[in-house]
Amino acid sequence: MSDLMRFGVSLEKNLLKDFDRLTAAREYSNRSEAIRDLIRNSLVEDEWKKGKDVAGAISLVYDHHKRELMNVIVEIQHDYQDTIVASQHVHLDHHNCLEVIIVKGKSDHIKKLSDRLRAVRGVKHGSLTLTTLGKEL
Ligand code: NI
């Protein structure tokens with residue numbers, strides 16, 4: 001961060017107290033770091049809503065004993081080979097697998113992929129975490 005700018009913020013006392021509590025609880029070293037993170041999160045959310053280029057990770061937990069399920073998951077991923085950067089499969093325990101799929105591309109496209117994977121019968125949990133390519137941050 002080379003061009004650091006300062007600006008003043010006015011807050012109600014109680015709101016600031018709550019914010020300081022949150023800053024401490026989330027282990028930010030100071031208010032500025034906490035505010036920067038909140039702003040970045042809002043910008044990422046905005047990019048995501050506008051269908052811009054984003055990057056992210058789709059996490060899936062499923063029972064690998066359901067063979068058909070794995071075929072469907074692989075099939076869907078092949079439809080999105082331009083979007084998927086990498087994937088990692090971890091055997092959590094005797095039944096459960098965790099798959100993390102790293103994605104990059106248009107947010108609406110990624111959302112669609114995530115929705116399709118999470119909707120596969122037998123997927124116990126799925127989540128999509130988006131971040132930004134950082135061009136404007
Ligand atoms: Ni496995």
# chains A, B, ... in the order shown; residues from 1 in each chain; ligands from 1
call {"tool": "residues_near_ligand", "arguments": {"ligand": "ligand 1", "cutoff": "9 Å", "atoms": "only C-alpha atoms and all ligand atoms", "output": "MDAnalysis selection string"}}
result
chainID A and resid 62:64 89:99
call {"tool": "write_last_selection", "arguments": {"atoms": "N, CA and C atoms", "output": "compact mmCIF listing (two decimals), in the first residue's frame"}}
result
# COMPACT_ATOMS: atom_id res chain seq x y z
N TYR A 62 -18.97 -34.63 1.00
CA TYR A 62 -19.89 -35.67 0.55
C TYR A 62 -19.40 -37.06 0.93
N ASP A 63 -20.31 -38.00 0.86
CA ASP A 63 -20.00 -39.40 1.20
C ASP A 63 -19.50 -40.11 -0.06
N HIS A 64 -18.26 -40.51 -0.07
CA HIS A 64 -17.69 -41.09 -1.29
C HIS A 64 -18.23 -42.49 -1.57
N HIS A 89 -8.78 -32.89 -3.25
CA HIS A 89 -9.67 -33.85 -2.60
C HIS A 89 -8.99 -34.37 -1.34
N VAL A 90 -9.69 -34.30 -0.23
CA VAL A 90 -9.14 -34.79 1.04
C VAL A 90 -10.10 -35.82 1.62
N HIS A 91 -9.58 -36.97 2.05
CA HIS A 91 -10.42 -37.99 2.68
C HIS A 91 -10.53 -37.67 4.16
N LEU A 92 -11.67 -37.15 4.57
CA LEU A 92 -11.83 -36.68 5.95
C LEU A 92 -11.88 -37.82 6.95
N ASP A 93 -12.69 -38.82 6.65
CA ASP A 93 -12.76 -40.01 7.49
C ASP A 93 -13.24 -41.16 6.61
N HIS A 94 -13.69 -42.25 7.21
CA HIS A 94 -14.06 -43.42 6.43
C HIS A 94 -15.14 -43.12 5.38
N HIS A 95 -16.06 -42.22 5.72
CA HIS A 95 -17.18 -41.94 4.80
C HIS A 95 -17.02 -40.64 4.01
N ASN A 96 -16.49 -39.63 4.68
CA ASN A 96 -16.60 -38.28 4.14
C ASN A 96 -15.37 -37.78 3.39
N CYS A 97 -15.66 -37.12 2.28
CA CYS A 97 -14.61 -36.48 1.51
C CYS A 97 -14.85 -34.97 1.52
N LEU A 98 -13.78 -34.24 1.52
CA LEU A 98 -13.86 -32.78 1.37
C LEU A 98 -13.18 -32.44 0.05
N GLU A 99 -13.92 -31.71 -0.79
CA GLU A 99 -13.33 -31.28 -2.05
C GLU A 99 -13.35 -29.76 -2.10
call {"tool": "select_by_dssp", "arguments": {"residues": "chain A", "states": "strand (DSSP E)", "output": "ChimeraX atom specification"}}
result
/A:53-63,84-91,96-106,123-132
call {"tool": "write_last_selection", "arguments": {"atoms": "N, CA, C and O atoms", "output": "compact mmCIF listing (two decimals), in the first residue's frame"}}
result
# COMPACT_ATOMS: atom_id res chain seq x y z
N ASP A 53 -15.29 -10.16 -12.83
CA ASP A 53 -14.32 -11.24 -12.64
C ASP A 53 -13.93 -11.36 -11.18
O ASP A 53 -13.50 -10.39 -10.57
N VAL A 54 -14.11 -12.54 -10.66
CA VAL A 54 -13.75 -12.79 -9.26
C VAL A 54 -13.01 -14.12 -9.18
O VAL A 54 -12.95 -14.88 -10.13
N ALA A 55 -12.46 -14.38 -8.01
CA ALA A 55 -11.83 -15.67 -7.74
C ALA A 55 -12.45 -16.20 -6.46
O ALA A 55 -13.00 -15.44 -5.67
N GLY A 56 -12.36 -17.50 -6.26
CA GLY A 56 -12.96 -18.04 -5.05
C GLY A 56 -12.73 -19.52 -4.88
O GLY A 56 -11.96 -20.14 -5.63
N ALA A 57 -13.39 -20.06 -3.87
CA ALA A 57 -13.28 -21.49 -3.59
C ALA A 57 -14.65 -22.07 -3.27
O ALA A 57 -15.43 -21.47 -2.53
N ILE A 58 -14.92 -23.21 -3.88
CA ILE A 58 -16.15 -23.95 -3.57
C ILE A 58 -15.73 -25.15 -2.73
O ILE A 58 -14.85 -25.91 -3.13
N SER A 59 -16.32 -25.30 -1.56
CA SER A 59 -16.02 -26.46 -0.71
C SER A 59 -17.22 -27.38 -0.66
O SER A 59 -18.35 -26.92 -0.49
N LEU A 60 -16.97 -28.67 -0.81
CA LEU A 60 -18.05 -29.65 -0.78
C LEU A 60 -17.68 -30.78 0.17
O LEU A 60 -16.53 -31.23 0.18
N VAL A 61 -18.64 -31.22 0.97
CA VAL A 61 -18.44 -32.41 1.79
C VAL A 61 -19.46 -33.44 1.33
O VAL A 61 -20.65 -33.14 1.22
N TYR A 62 -18.97 -34.63 1.00
CA TYR A 62 -19.89 -35.67 0.55
C TYR A 62 -19.40 -37.06 0.93
O TYR A 62 -18.23 -37.25 1.27
N ASP A 63 -20.31 -38.00 0.86
CA ASP A 63 -20.00 -39.40 1.20
C ASP A 63 -19.50 -40.11 -0.06
O ASP A 63 -20.26 -40.29 -1.01
N ILE A 84 -12.53 -23.53 -13.59
CA ILE A 84 -11.85 -24.22 -12.49
C ILE A 84 -10.34 -24.17 -12.67
O ILE A 84 -9.80 -24.61 -13.69
N VAL A 85 -9.67 -23.62 -11.69
CA VAL A 85 -8.22 -23.48 -11.73
C VAL A 85 -7.54 -24.74 -11.17
O VAL A 85 -6.57 -25.23 -11.72
N ALA A 86 -8.07 -25.22 -10.07
CA ALA A 86 -7.50 -26.41 -9.43
C ALA A 86 -8.52 -26.99 -8.46
O ALA A 86 -9.47 -26.32 -8.07
N SER A 87 -8.33 -28.25 -8.11
CA SER A 87 -9.18 -28.81 -7.06
C SER A 87 -8.37 -29.77 -6.21
O SER A 87 -7.37 -30.34 -6.66
N GLN A 88 -8.80 -29.88 -4.97
CA GLN A 88 -8.08 -30.72 -4.01
C GLN A 88 -9.08 -31.61 -3.30
O GLN A 88 -10.12 -31.14 -2.83
N HIS A 89 -8.78 -32.89 -3.25
CA HIS A 89 -9.67 -33.85 -2.60
C HIS A 89 -8.99 -34.37 -1.34
O HIS A 89 -7.84 -34.81 -1.40
N VAL A 90 -9.69 -34.30 -0.23
CA VAL A 90 -9.14 -34.79 1.04
C VAL A 90 -10.10 -35.82 1.62
O VAL A 90 -11.31 -35.59 1.67
N HIS A 91 -9.58 -36.97 2.05
CA HIS A 91 -10.42 -37.99 2.68
C HIS A 91 -10.53 -37.67 4.16
O HIS A 91 -9.58 -37.86 4.91
N ASN A 96 -16.49 -39.63 4.68
CA ASN A 96 -16.60 -38.28 4.14
C ASN A 96 -15.37 -37.78 3.39
O ASN A 96 -14.24 -37.99 3.83
N CYS A 97 -15.66 -37.12 2.28
CA CYS A 97 -14.61 -36.48 1.51
C CYS A 97 -14.85 -34.97 1.52
O CYS A 97 -16.00 -34.53 1.51
N LEU A 98 -13.78 -34.24 1.52
CA LEU A 98 -13.86 -32.78 1.37
C LEU A 98 -13.18 -32.44 0.05
O LEU A 98 -12.06 -32.87 -0.21
N GLU A 99 -13.92 -31.71 -0.79
CA GLU A 99 -13.33 -31.28 -2.05
C GLU A 99 -13.35 -29.76 -2.10
O GLU A 99 -14.38 -29.15 -1.84
N VAL A 100 -12.20 -29.18 -2.37
CA VAL A 100 -12.11 -27.72 -2.48
C VAL A 100 -11.74 -27.39 -3.93
O VAL A 100 -10.73 -27.86 -4.43
N ILE A 101 -12.59 -26.63 -4.57
CA ILE A 101 -12.40 -26.31 -5.99
C ILE A 101 -12.09 -24.81 -6.10
O ILE A 101 -12.89 -23.97 -5.69
N ILE A 102 -10.94 -24.50 -6.61
CA ILE A 102 -10.54 -23.10 -6.78
C ILE A 102 -11.04 -22.61 -8.13
O ILE A 102 -10.79 -23.26 -9.16
N VAL A 103 -11.74 -21.48 -8.12
CA VAL A 103 -12.37 -20.99 -9.34
C VAL A 103 -11.98 -19.55 -9.64
O VAL A 103 -11.62 -18.79 -8.74
N LYS A 104 -12.06 -19.21 -10.91
CA LYS A 104 -11.75 -17.85 -11.35
C LYS A 104 -12.58 -17.55 -12.58
O LYS A 104 -12.61 -18.37 -13.51
N GLY A 105 -13.27 -16.42 -12.59
CA GLY A 105 -14.08 -16.08 -13.75
C GLY A 105 -15.22 -15.15 -13.40
O GLY A 105 -15.20 -14.49 -12.35
N LYS A 106 -16.22 -15.09 -14.27
CA LYS A 106 -17.37 -14.23 -14.03
C LYS A 106 -18.17 -14.74 -12.84
O LYS A 106 -18.43 -15.95 -12.73
N VAL A 123 -24.64 -34.47 -1.49
CA VAL A 123 -23.67 -33.48 -0.99
C VAL A 123 -24.20 -32.97 0.35
O VAL A 123 -25.30 -32.44 0.43
N LYS A 124 -23.41 -33.19 1.40
CA LYS A 124 -23.90 -32.87 2.74
C LYS A 124 -23.77 -31.39 3.06
O LYS A 124 -24.59 -30.83 3.77
N HIS A 125 -22.71 -30.80 2.56
CA HIS A 125 -22.54 -29.36 2.80
C HIS A 125 -21.72 -28.76 1.68
O HIS A 125 -20.80 -29.39 1.16
N GLY A 126 -22.08 -27.57 1.30
CA GLY A 126 -21.33 -26.88 0.27
C GLY A 126 -21.27 -25.40 0.59
O GLY A 126 -22.21 -24.85 1.15
N SER A 127 -20.15 -24.77 0.28
CA SER A 127 -20.07 -23.34 0.49
C SER A 127 -19.25 -22.69 -0.62
O SER A 127 -18.41 -23.33 -1.24
N LEU A 128 -19.54 -21.45 -0.85
CA LEU A 128 -18.81 -20.68 -1.87
C LEU A 128 -18.20 -19.46 -1.19
O LEU A 128 -18.91 -18.69 -0.56
N THR A 129 -16.90 -19.33 -1.29
CA THR A 129 -16.22 -18.15 -0.75
C THR A 129 -15.62 -17.40 -1.92
O THR A 129 -14.87 -17.96 -2.71
N LEU A 130 -15.99 -16.14 -2.03
CA LEU A 130 -15.47 -15.35 -3.14
C LEU A 130 -14.49 -14.30 -2.67
O LEU A 130 -14.63 -13.74 -1.60
N THR A 131 -13.51 -14.05 -3.46
CA THR A 131 -12.60 -12.96 -3.18
C THR A 131 -12.43 -12.18 -4.47
O THR A 131 -13.10 -12.47 -5.46
N THR A 132 -11.57 -11.21 -4.47
CA THR A 132 -11.44 -10.38 -5.64
C THR A 132 -10.10 -10.65 -6.32
O THR A 132 -9.19 -11.19 -5.71
call {"tool": "atom_distance", "arguments": {"atom1": "atom CA of A:Asn30", "atom2": "atom CA of A:Lys13"}}
result
17.3 Å
call {"tool": "select_by_dssp", "arguments": {"residues": "chain A", "states": "helix (DSSP H, G or I)", "output": "PyMOL selection string"}}
result
chain A and resi 13-25+31-49+67-79+107-118
call {"tool": "closest_residue", "arguments": {"among": "A:Ser114, A:Ser29, A:Asn41, A:Ser107", "to": "A:Gln77", "atoms": "only C-alpha atoms"}}
result
A:Ser114
call {"tool": "residues_around", "arguments": {"residues": "A:Asp20", "least_positions_apart": "2", "cutoff": "12 Å", "atoms": "only C-alpha atoms", "output": "mmCIF file with N, CA, C and O atoms, in the first residue's frame"}}
result
data_model
loop_
_atom_site.group_PDB
_atom_site.id
_atom_site.type_symbol
_atom_site.label_atom_id
_atom_site.label_comp_id
_atom_site.auth_asym_id
_atom_site.auth_seq_id
_atom_site.Cartn_x
_atom_site.Cartn_y
_atom_site.Cartn_z
ATOM 1 N N LEU A 11 -18.307 8.666 14.701
ATOM 2 C CA LEU A 11 -19.178 7.550 15.094
ATOM 3 C C LEU A 11 -19.791 7.816 16.454
ATOM 4 O O LEU A 11 -19.170 8.478 17.294
ATOM 5 N N LYS A 13 -20.596 6.981 20.217
ATOM 6 C CA LYS A 13 -19.727 6.353 21.213
ATOM 7 C C LYS A 13 -19.957 4.847 21.315
ATOM 8 O O LYS A 13 -19.005 4.052 21.312
ATOM 9 N N ASN A 14 -21.236 4.478 21.397
ATOM 10 C CA ASN A 14 -21.542 3.044 21.567
ATOM 11 C C ASN A 14 -21.160 2.212 20.349
ATOM 12 O O ASN A 14 -20.693 1.082 20.487
ATOM 13 N N LEU A 15 -21.360 2.814 19.187
ATOM 14 C CA LEU A 15 -21.014 2.101 17.952
ATOM 15 C C LEU A 15 -19.503 1.883 17.885
ATOM 16 O O LEU A 15 -19.023 0.803 17.515
ATOM 17 N N LEU A 16 -18.770 2.906 18.291
ATOM 18 C CA LEU A 16 -17.306 2.793 18.293
ATOM 19 C C LEU A 16 -16.839 1.742 19.299
ATOM 20 O O LEU A 16 -15.925 0.960 19.027
ATOM 21 N N LYS A 17 -17.520 1.701 20.449
ATOM 22 C CA LYS A 17 -17.188 0.705 21.470
ATOM 23 C C LYS A 17 -17.406 -0.711 20.917
ATOM 24 O O LYS A 17 -16.559 -1.598 21.073
ATOM 25 N N ASP A 18 -18.528 -0.890 20.252
ATOM 26 C CA ASP A 18 -18.833 -2.198 19.643
ATOM 27 C C ASP A 18 -17.797 -2.533 18.571
ATOM 28 O O ASP A 18 -17.364 -3.678 18.449
ATOM 29 N N LEU A 22 -15.215 -5.706 18.312
ATOM 30 C CA LEU A 22 -15.128 -6.558 17.117
ATOM 31 C C LEU A 22 -13.691 -6.608 16.588
ATOM 32 O O LEU A 22 -13.181 -7.671 16.226
ATOM 33 N N THR A 23 -13.047 -5.448 16.578
ATOM 34 C CA THR A 23 -11.656 -5.352 16.110
ATOM 35 C C THR A 23 -10.748 -6.251 16.943
ATOM 36 O O THR A 23 -9.913 -6.986 16.401
ATOM 37 N N ALA A 24 -10.959 -6.224 18.254
ATOM 38 C CA ALA A 24 -10.141 -7.050 19.152
ATOM 39 C C ALA A 24 -10.473 -8.533 18.978
ATOM 40 O O ALA A 24 -9.579 -9.373 18.881
ATOM 41 N N ALA A 25 -11.773 -8.828 18.901
ATOM 42 C CA ALA A 25 -12.204 -10.230 18.800
ATOM 43 C C ALA A 25 -11.693 -10.880 17.520
ATOM 44 O O ALA A 25 -11.384 -12.071 17.492
ATOM 45 N N ARG A 26 -11.602 -10.101 16.464
ATOM 46 C CA ARG A 26 -11.143 -10.660 15.181
ATOM 47 C C ARG A 26 -9.637 -10.510 14.989
ATOM 48 O O ARG A 26 -9.115 -10.743 13.905
ATOM 49 N N GLU A 27 -8.981 -10.065 16.045
ATOM 50 C CA GLU A 27 -7.516 -10.029 16.068
ATOM 51 C C GLU A 27 -6.888 -9.053 15.081
ATOM 52 O O GLU A 27 -5.749 -9.249 14.633
ATOM 53 N N TYR A 28 -7.635 -8.002 14.740
ATOM 54 C CA TYR A 28 -7.016 -6.948 13.924
ATOM 55 C C TYR A 28 -6.043 -6.187 14.820
ATOM 56 O O TYR A 28 -6.312 -6.004 16.006
ATOM 57 N N SER A 29 -4.948 -5.713 14.250
ATOM 58 C CA SER A 29 -3.972 -5.014 15.088
ATOM 59 C C SER A 29 -4.438 -3.596 15.427
ATOM 60 O O SER A 29 -4.034 -3.035 16.432
ATOM 61 N N ASN A 30 -5.290 -3.022 14.588
ATOM 62 C CA ASN A 30 -5.827 -1.690 14.903
ATOM 63 C C ASN A 30 -7.106 -1.425 14.105
ATOM 64 O O ASN A 30 -7.496 -2.228 13.258
ATOM 65 N N ARG A 31 -7.723 -0.282 14.406
ATOM 66 C CA ARG A 31 -8.990 0.072 13.742
ATOM 67 C C ARG A 31 -8.824 0.191 12.230
ATOM 68 O O ARG A 31 -9.709 -0.219 11.468
ATOM 69 N N SER A 32 -7.706 0.776 11.798
ATOM 70 C CA SER A 32 -7.509 0.978 10.356
ATOM 71 C C SER A 32 -7.548 -0.342 9.603
ATOM 72 O O SER A 32 -8.173 -0.454 8.543
ATOM 73 N N GLU A 33 -6.886 -1.340 10.176
ATOM 74 C CA GLU A 33 -6.839 -2.650 9.514
ATOM 75 C C GLU A 33 -8.248 -3.248 9.434
ATOM 76 O O GLU A 33 -8.642 -3.831 8.427
ATOM 77 N N ALA A 34 -9.010 -3.079 10.504
ATOM 78 C CA ALA A 34 -10.387 -3.594 10.541
ATOM 79 C C ALA A 34 -11.256 -2.879 9.505
ATOM 80 O O ALA A 34 -12.029 -3.516 8.780
ATOM 81 N N ILE A 35 -11.110 -1.558 9.425
ATOM 82 C CA ILE A 35 -11.918 -0.780 8.470
ATOM 83 C C ILE A 35 -11.547 -1.144 7.029
ATOM 84 O O ILE A 35 -12.419 -1.324 6.175
#
call {"tool": "atom_distance", "arguments": {"atom1": "atom CA of A:Asp108", "atom2": "atom CA of A:Ile39"}}
result
21.8 Å
